[in-house]
Structure formats: structure tokens, C-alpha cells
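Text of the file my_file02.cif, holding mmCIF, C-alpha atoms:
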data_my_file
loop_
_atom_site.label_atom_id
_atom_site.label_comp_id
_atom_site.auth_asym_id
_atom_site.auth_seq_id
_atom_site.Cartn_x
_atom_site.Cartn_y
_atom_site.Cartn_z
CA MET A 267 0.73 7.74 3.60
CA ASP A 268 4.02 6.32 2.32
CA VAL A 269 3.72 4.98 -1.23
CA SER A 270 6.72 2.70 -0.83
CA ALA A 271 5.63 -0.82 0.08
CA PRO A 272 7.71 -2.50 2.83
CA ASP A 273 9.13 -4.96 0.30
CA GLY A 274 9.75 -2.34 -2.36
CA ARG A 275 13.11 -1.77 -4.02
CA THR A 276 14.19 1.35 -5.89
CA ILE A 277 16.34 1.79 -8.98
CA ASP A 278 17.39 5.25 -10.14
CA TYR A 279 17.24 5.47 -13.92
CA GLY A 280 18.20 9.13 -14.09
CA GLU A 281 16.23 11.03 -16.72
CA ARG A 282 14.35 7.81 -17.54
CA GLY A 283 12.76 7.89 -14.11
CA THR A 284 12.73 6.13 -10.77
CA VAL A 285 11.70 2.49 -10.68
CA ARG A 286 9.92 1.19 -7.59
CA ILE A 287 9.63 -2.59 -7.50
CA TYR A 288 6.94 -4.40 -5.50
CA ALA A 289 6.51 -8.06 -4.69
CA ASP A 290 3.41 -8.68 -6.78
CA GLY A 291 0.44 -7.07 -8.50
CA GLU A 292 -1.46 -6.56 -5.26
CA ALA A 293 1.39 -4.60 -3.66
CA LEU A 294 1.78 -2.63 -6.89
CA ALA A 295 -1.91 -1.68 -6.97
CA ARG A 296 -1.78 -0.66 -3.31
CA ALA A 297 1.26 1.52 -3.96
CA ALA A 298 -0.60 3.18 -6.84
CA ALA A 299 -3.61 3.86 -4.63
CA GLY A 300 -1.28 5.35 -2.03
CA LEU A 301 0.33 7.54 -4.66
CA LEU A 302 -3.04 8.98 -5.64
CA ALA A 303 -3.91 9.59 -1.99
CA ASP A 304 -0.55 11.27 -1.35
CA THR A 305 -0.86 13.48 -4.42
CA VAL A 306 -4.31 14.70 -3.43
CA GLY A 307 -3.12 15.29 0.12
CA GLU A 308 -0.21 17.40 -1.08
CA ARG A 309 -2.46 19.84 -2.92
CA THR A 310 -4.28 22.86 -1.55
CA GLY A 311 -7.50 23.01 -3.51
CA HIS A 312 -8.20 20.88 -6.54
CA ALA A 313 -5.94 18.02 -7.62
CA PHE A 314 -5.90 17.39 -11.37
CA ILE A 315 -5.47 13.68 -12.09
CA ALA A 316 -5.56 11.61 -15.29
CA LEU A 317 -6.37 7.94 -14.99
CA SER A 318 -5.45 4.96 -17.14
CA GLY A 319 -7.23 1.78 -18.15
CA GLY A 320 -5.97 -1.74 -17.54
CA SER A 321 -5.94 -4.47 -14.91
CA THR A 322 -3.62 -2.76 -12.40
CA PRO A 323 -5.58 0.53 -12.45
CA LYS A 324 -8.77 -1.51 -12.00
CA ARG A 325 -7.35 -3.17 -8.87
CA MET A 326 -6.14 0.24 -7.70
CA GLY A 327 -9.71 1.49 -8.09
CA GLN A 328 -11.08 -1.41 -6.09
CA LEU A 329 -8.70 -0.53 -3.27
CA LEU A 330 -9.63 3.15 -3.47
CA ALA A 331 -13.28 2.17 -2.99
CA GLU A 332 -12.39 0.53 0.33
CA ALA A 333 -11.15 1.80 3.69
CA PRO A 334 -8.88 3.59 4.36
CA PHE A 335 -8.77 5.34 0.98
CA ARG A 336 -12.55 5.64 0.59
CA ASP A 337 -12.80 7.57 3.84
CA THR A 338 -9.60 9.62 3.87
CA VAL A 339 -9.03 10.91 0.33
CA ALA A 340 -10.47 14.39 -0.37
CA TRP A 341 -12.51 13.04 -3.27
CA ARG A 342 -14.43 16.24 -3.92
CA GLU A 343 -11.18 18.07 -4.60
CA ILE A 344 -10.24 15.78 -7.50
CA GLU A 345 -10.70 16.87 -11.11
CA CYS A 346 -10.59 13.53 -12.88
CA PHE A 347 -9.62 13.00 -16.52
CA TRP A 348 -8.38 10.08 -18.63
CA GLY A 349 -5.23 9.64 -20.65
CA ASP A 350 -6.89 7.79 -23.50
CA GLU A 351 -10.13 6.16 -24.48
CA ARG A 352 -11.70 3.82 -26.96
CA TYR A 353 -14.43 5.36 -29.08
CA VAL A 354 -17.22 3.47 -27.33
CA PRO A 355 -20.15 4.48 -25.08
CA GLU A 356 -19.29 4.91 -21.42
CA ASP A 357 -21.49 1.96 -20.48
CA SER A 358 -19.36 -0.33 -22.66
CA PRO A 359 -17.09 -2.77 -20.78
CA GLU A 360 -14.27 -1.45 -23.00
CA SER A 361 -14.63 2.13 -21.76
CA ASN A 362 -11.81 3.27 -19.46
CA SER A 363 -13.93 5.98 -17.85
CA GLY A 364 -16.90 3.65 -17.51
CA GLU A 365 -14.74 1.05 -15.81
CA ALA A 366 -13.41 3.63 -13.35
CA ARG A 367 -16.91 4.89 -12.58
CA ARG A 368 -18.20 1.39 -11.89
CA THR A 369 -15.11 0.31 -9.95
CA PHE A 370 -14.70 3.24 -7.57
CA LEU A 371 -15.82 6.72 -8.63
CA GLU A 372 -19.49 5.93 -7.98
CA LYS A 373 -18.59 4.37 -4.63
CA VAL A 374 -16.66 7.27 -3.14
CA ASP A 375 -17.55 10.89 -2.42
CA ALA A 376 -16.41 12.15 -5.82
CA GLU A 377 -18.05 15.27 -7.24
CA PRO A 378 -19.91 14.17 -10.42
CA GLY A 379 -19.25 17.51 -12.10
CA ARG A 380 -15.51 16.98 -11.71
CA ILE A 381 -15.46 13.67 -13.56
CA ASN A 382 -14.37 14.52 -17.09
CA PRO A 383 -14.52 11.60 -19.56
CA PHE A 384 -13.77 11.86 -23.26
CA PRO A 385 -17.03 12.84 -25.07
CA THR A 386 -17.45 9.57 -26.97
CA ALA A 387 -21.16 10.17 -27.60
CA VAL A 388 -20.46 12.74 -30.33
CA SER A 389 -20.62 11.47 -33.90
CA ASP A 390 -17.15 12.60 -35.05
CA ILE A 391 -14.07 11.29 -33.28
CA ASN A 392 -11.89 14.22 -34.34
CA LEU A 393 -14.48 16.60 -32.92
CA ALA A 394 -14.48 14.54 -29.71
CA ALA A 395 -10.72 15.09 -29.38
CA GLU A 396 -11.10 18.83 -29.96
CA MET A 397 -13.93 18.99 -27.41
CA TYR A 398 -11.80 17.21 -24.81
CA ALA A 399 -8.93 19.63 -25.33
CA THR A 400 -11.37 22.52 -24.87
CA GLN A 401 -12.78 20.89 -21.75
CA ILE A 402 -9.31 20.49 -20.26
CA ARG A 403 -8.53 24.16 -20.88
CA THR A 404 -11.87 25.21 -19.41
CA VAL A 405 -11.47 23.15 -16.24
CA PHE A 406 -7.89 24.31 -15.74
CA GLY A 407 -8.76 27.90 -16.62
CA ALA A 408 -5.94 27.91 -19.16
CA THR A 409 -6.47 29.69 -22.45
CA ASP A 410 -2.98 28.94 -23.77
CA GLY A 411 0.09 26.92 -22.93
CA VAL A 412 -0.07 23.35 -21.64
CA PRO A 413 -2.16 22.75 -18.47
CA ARG A 414 -0.26 21.02 -15.70
CA PHE A 415 -1.74 17.85 -14.20
CA ASP A 416 -0.75 16.92 -10.67
CA LEU A 417 -0.65 13.20 -11.47
CA VAL A 418 -0.94 11.19 -14.66
CA PHE A 419 -1.22 7.40 -14.47
CA LEU A 420 0.04 5.48 -17.51
CA GLY A 421 0.20 1.89 -18.60
CA MET A 422 2.66 0.29 -20.99
CA GLY A 423 1.71 -2.31 -23.58
CA ASP A 424 3.91 -5.26 -24.47
CA ASP A 425 4.65 -3.41 -27.72
CA GLY A 426 5.92 -0.39 -25.80
CA HIS A 427 2.90 1.84 -26.38
CA THR A 428 1.47 4.14 -23.75
CA LEU A 429 -1.75 6.16 -23.78
CA SER A 430 -2.98 5.39 -27.31
CA LEU A 431 0.41 6.29 -28.77
CA PHE A 432 1.16 3.08 -30.61
CA PRO A 433 4.42 2.33 -32.43
CA GLY A 434 4.69 4.08 -35.77
CA THR A 435 1.56 6.20 -35.38
CA ALA A 436 1.29 9.91 -36.10
CA ALA A 437 0.23 11.11 -32.66
CA ILE A 438 3.60 10.19 -31.11
CA HIS A 439 5.05 13.38 -32.57
CA GLU A 440 2.10 15.71 -31.95
CA THR A 441 3.40 18.90 -30.34
CA GLU A 442 0.55 21.41 -30.54
CA ARG A 443 -2.75 19.74 -29.65
CA LEU A 444 -3.66 18.50 -26.17
CA ALA A 445 -5.78 15.60 -27.38
CA VAL A 446 -6.08 13.86 -30.75
CA ALA A 447 -7.79 11.00 -32.51
CA ASN A 448 -5.00 8.56 -33.39
CA HIS A 449 -5.49 5.84 -36.00
CA VAL A 450 -3.86 2.54 -35.04
CA PRO A 451 -3.52 0.28 -38.09
CA LYS A 452 -2.60 -2.84 -36.08
CA LEU A 453 -5.92 -2.56 -34.25
CA ASP A 454 -7.86 -1.29 -37.27
CA ALA A 455 -9.23 1.33 -34.89
CA THR A 456 -8.94 4.99 -34.00
CA ARG A 457 -8.40 5.90 -30.35
CA LEU A 458 -8.72 9.13 -28.41
CA THR A 459 -5.59 10.13 -26.54
CA LEU A 460 -3.83 12.90 -24.71
CA THR A 461 -0.54 13.84 -26.30
CA ALA A 462 3.01 13.64 -24.98
CA PRO A 463 3.35 17.40 -24.25
CA VAL A 464 0.40 17.20 -21.84
CA VAL A 465 1.89 14.29 -19.91
CA ASN A 466 5.39 15.75 -19.94
CA ALA A 467 4.08 18.96 -18.35
CA ALA A 468 2.71 17.06 -15.33
CA ARG A 469 4.09 17.39 -11.81
CA ARG A 470 4.12 13.59 -11.43
CA VAL A 471 3.79 10.76 -13.94
CA ALA A 472 3.47 7.15 -12.86
CA PHE A 473 3.68 4.12 -15.12
CA LEU A 474 2.00 1.02 -13.68
CA VAL A 475 3.55 -2.12 -15.17
CA GLY A 476 2.92 -5.65 -13.95
CA GLY A 477 3.50 -9.21 -15.08
CA SER A 478 6.23 -11.22 -16.75
CA GLY A 479 4.77 -10.50 -20.18
CA LYS A 480 5.99 -6.90 -19.87
CA ALA A 481 9.51 -7.72 -18.63
CA GLU A 482 11.32 -7.75 -21.99
CA THR A 483 9.66 -4.55 -23.18
CA LEU A 484 10.27 -2.74 -19.89
CA ALA A 485 13.96 -3.60 -20.12
CA ARG A 486 14.09 -2.28 -23.70
CA VAL A 487 12.34 0.95 -22.69
CA LEU A 488 14.58 1.63 -19.69
CA ASP A 489 17.91 0.03 -20.64
CA GLY A 490 17.90 0.17 -24.42
CA PRO A 491 18.49 2.90 -26.98
CA VAL A 492 15.86 5.58 -27.40
CA ASP A 493 13.55 5.08 -30.38
CA VAL A 494 10.19 6.65 -29.63
CA ASP A 495 8.65 5.43 -32.88
CA LEU A 496 9.42 1.86 -31.89
CA LEU A 497 8.83 2.28 -28.13
CA PRO A 498 6.49 5.24 -27.60
CA SER A 499 6.71 4.95 -23.81
CA GLN A 500 10.19 6.45 -24.14
CA ILE A 501 8.71 9.80 -25.22
CA ILE A 502 7.41 10.36 -21.69
CA ARG A 503 10.06 12.54 -20.02
CA PRO A 504 8.50 15.17 -17.72
CA THR A 505 10.17 18.53 -18.27
CA ASP A 506 9.86 19.66 -14.65
CA GLY A 507 8.21 16.80 -12.84
CA GLU A 508 8.70 13.36 -11.35
CA LEU A 509 8.68 10.20 -13.47
CA LEU A 510 7.93 6.99 -11.57
CA TRP A 511 7.73 3.40 -12.74
CA LEU A 512 5.72 1.30 -10.28
CA VAL A 513 6.36 -2.30 -11.29
CA ASP A 514 6.17 -5.77 -9.80
CA GLU A 515 9.03 -8.23 -9.51
CA ALA A 516 7.89 -10.17 -12.56
CA ALA A 517 7.95 -7.09 -14.79
CA ALA A 518 11.33 -6.01 -13.39
CA ALA A 519 13.00 -9.38 -13.93
CA GLN A 520 15.07 -8.33 -16.96
CA LEU A 521 16.15 -4.85 -15.87
CA ALA A 522 19.91 -4.44 -16.21
CA ARG A 523 20.60 -1.91 -13.49
CA ASP A 524 21.46 -3.22 -10.05
CA SER A 525 19.02 -1.82 -7.48
CA ARG A 526 21.73 -1.88 -4.82
CA ASP A 527 23.71 0.75 -6.75
CA ALA A 528 22.42 4.07 -5.45
CA ASP A 529 23.63 5.83 -8.60
CA GLY A 530 21.81 3.37 -10.85
CA ARG A 531 24.98 2.47 -12.76
#
Here is the file; what I need is its structure written in the form of C-alpha cells.
Amino acid sequence: MDVSAPDGRTIDYGERGTVRIYADGEALARAAAGLLADTVGERTGHAFIALSGGSTPKRMGQLLAEAPFRDTVAWREIECFWGDERYVPEDSPESNSGEARRTFLEKVDAEPGRINPFPTAVSDINLAAEMYATQIRTVFGATDGVPRFDLVFLGMGDDGHTLSLFPGTAAIHETERLAVANHVPKLDATRLTLTAPVVNAARRVAFLVGGSGKAETLARVLDGPVDVDLLPSQIIRPTDGELLWLVDEAAAAQLARDSRDADGR
């Protein structure tokens, strides 16, 4: 299954990634669903995937719950995790994992024991982060080092955040732990999140960015100077993997690089 939509355009941003531009949000969500299907199909055995919250991932999930994806993806081979989570019960409408379960995971042939949400039912959020890191290591069978996901989906906020790495917060610069509880003053909340080293160790990372409201920030992230404290999405640079930006035309409207230039200059 080719993830490139017929109307897609590509811009090479070098170490900042490859941008694939689709006509609208529907084409973007379909490309994301195809990317998941392709990634699972490329693996022999289990595929380790981290999902994201947001409107585009929700539409992706709706598509995955329908033919052809519902019937052709090797769902029981997927070990499913999440990049970040609000500290709410899984039945809350604000829960990323709960939303994914309701949207598609309960409608496909996924193995329940391979769905790995953040443990938000525990009473201490820092303990929940530690437990998730332990769970990741257990599932991967990795006692040290950084486990390598096959695919990590990410979103990008209009403030440049990704995961729950918000501008100016401590977790941006975490280098040792796999998952942390990150306090976000602007939200007056603490979120659970994977850290940059985990994402940067992945074989494939895909940002899903749609809508005109993200256009200015996307241009700053890709065309502007690097300042990870101001624009945390810039800290995502896979060390030995593929970085993709799947975006729609509205989000790409302010990108400086000409897509017709194969060298991206």
C-alpha cells in the first residue's frame, strides 16, 4: 500500500525531515492510515507503534476501523503504546488511549494484551510514568538502552509543542528516562509523556499536521532557527530513522522551500 496520495507533493527538508503534502485533512488521515499499514506489513513479528491524540489521528482511526485496513492489517502483531496522555481515567473523553480504543482498537482484531496505555489509575503521576517506562522495557524485552519503536505518530500544537513537551518545560531536555510526568504551567496541569530520546530512537516518526491554524508554526519549525525550548517539535530528529511530516495544503501554506526543487533548497 503506497502511503503517498495521488495529489501529494514532497519537500525534502534534509535533517529536518521529509514533508508530504496532501490536499486536505481526509487525504492526510488516509495517508497516515496507510503508513501504519505499511509499517506493520514491513515487520516480521511484532510491530511496536506509539499513537497520538488529536483530530487527525481520530480520523485515521476511523479509517483503520473500515475496509480495507480493518481486514488487511495484521492487528494481532501490533504492540500499541501512546506518546503522551492526560492524567484522566481511560473512559474520559480526554483520554488519548480511550479515544483510540473507542474509535478503532475495539473494532479490529487487536490483541487486548498488546494494548499498552499509560497507567492513569494509579494515585501518583510520577509513579505512573515510572510504571510506563518499566512496561515499555518489559514488552520490548530491553533491560537497558532505549527501545526502538517501529513507528511513532506525533502531533504538533500551534505553540510548537509535541507529545506533552511544551515550550519552556523541563521534560524537553530529559535524556535518561523513557517516560516522565511533565508539569505544564500554561495548562495548570501535569501530563504523562514519552521523552525525546525514545522518539529519536524510532525507525520511523511521523508528524500529522493539518489546518491553516498550524501553518505559521510549521513554517517556524521547519524553516526557522532551531530553538527547542521555544519550539519543542524541533527536538525530534531520529538518530537512525525516518522523519516524516504528513501535512495538508492549509498547514503547508507558509513553507518557504519550493517543492519542485528536488534538493529542497
- Task: List every protein, DNA or RNA residue that has an atom no more than 12 Å from (-3.3, 25.0, -22.4) in the file's coordinate frame, counting only C-alpha atoms, and report them as a list in words.
- Result: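 The answer, in the requested form, is Tyr398, Ala399, Thr400, Gln401, Ile402, Arg403, Thr404, Val405, Phe406, Gly407, Ala408, Thr409, Asp410, Gly411, Val412, Pro413, Arg414, Phe415, Glu442, Arg443, Leu444, Ala445, Pro463, Val464 and Ala467 of chain A.
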- Task: Could you tell me which residues the PyMOL selection byres ((chain A and resi 505-514) around 8) grabs in this file, written as a count of residues only?
- Result: 32
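Atom CA of Ala387 of chain A to atom CA of Arg368 of chain A spans 18.2 Å [interatomic distance, one decimal].
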- Message: I need every residue sitting at most 9 Å from the point (-4.5, 8.1, -20.9) (coordinates as in the file, all atoms listed in the file considered), written as a list in words.
- Response: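 The residues near that point, listed by chain and number, are Ala316, Leu317, Ser318, Gly319, Phe347, Trp348, Gly349, Asp350, Glu351, Asn362, Val418, Phe419, Leu420, Gly421, Thr428, Leu429, Ser430, Leu458, Thr459, Leu460, Thr461 and Val465 of chain A.
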C-alpha atoms of the current selection, written as a PDB file, in the frame of the given file:
ATOM      1  CA  ALA A 316      -5.560  11.610 -15.290  1.00  0.00           C
ATOM      2  CA  LEU A 317      -6.370   7.940 -14.990  1.00  0.00           C
ATOM      3  CA  SER A 318      -5.450   4.960 -17.140  1.00  0.00           C
ATOM      4  CA  GLY A 319      -7.230   1.780 -18.150  1.00  0.00           C
ATOM      5  CA  PHE A 347      -9.620  13.000 -16.520  1.00  0.00           C
ATOM      6  CA  TRP A 348      -8.380  10.080 -18.630  1.00  0.00           C
ATOM      7  CA  GLY A 349      -5.230   9.640 -20.650  1.00  0.00           C
ATOM      8  CA  ASP A 350      -6.890   7.790 -23.500  1.00  0.00           C
ATOM      9  CA  GLU A 351     -10.130   6.160 -24.480  1.00  0.00           C
ATOM     10  CA  ASN A 362     -11.810   3.270 -19.460  1.00  0.00           C
ATOM     11  CA  VAL A 418      -0.940  11.190 -14.660  1.00  0.00           C
ATOM     12  CA  PHE A 419      -1.220   7.400 -14.470  1.00  0.00           C
ATOM     13  CA  LEU A 420       0.040   5.480 -17.510  1.00  0.00           C
ATOM     14  CA  GLY A 421       0.200   1.890 -18.600  1.00  0.00           C
ATOM     15  CA  THR A 428       1.470   4.140 -23.750  1.00  0.00           C
ATOM     16  CA  LEU A 429      -1.750   6.160 -23.780  1.00  0.00           C
ATOM     17  CA  SER A 430      -2.980   5.390 -27.310  1.00  0.00           C
ATOM     18  CA  LEU A 458      -8.720   9.130 -28.410  1.00  0.00           C
ATOM     19  CA  THR A 459      -5.590  10.130 -26.540  1.00  0.00           C
ATOM     20  CA  LEU A 460      -3.830  12.900 -24.710  1.00  0.00           C
ATOM     21  CA  THR A 461      -0.540  13.840 -26.300  1.00  0.00           C
ATOM     22  CA  VAL A 465       1.890  14.290 -19.910  1.00  0.00           C
TER      23      VAL A 465
END
- Message: Translate the PyMOL selection byres ((chain A and resi 353) around 12) into a concrete residue list for this structure, as a PyMOL selection string.
- Response: chain A and resi 350-352+354-364+383-395+430+447-449+455-459
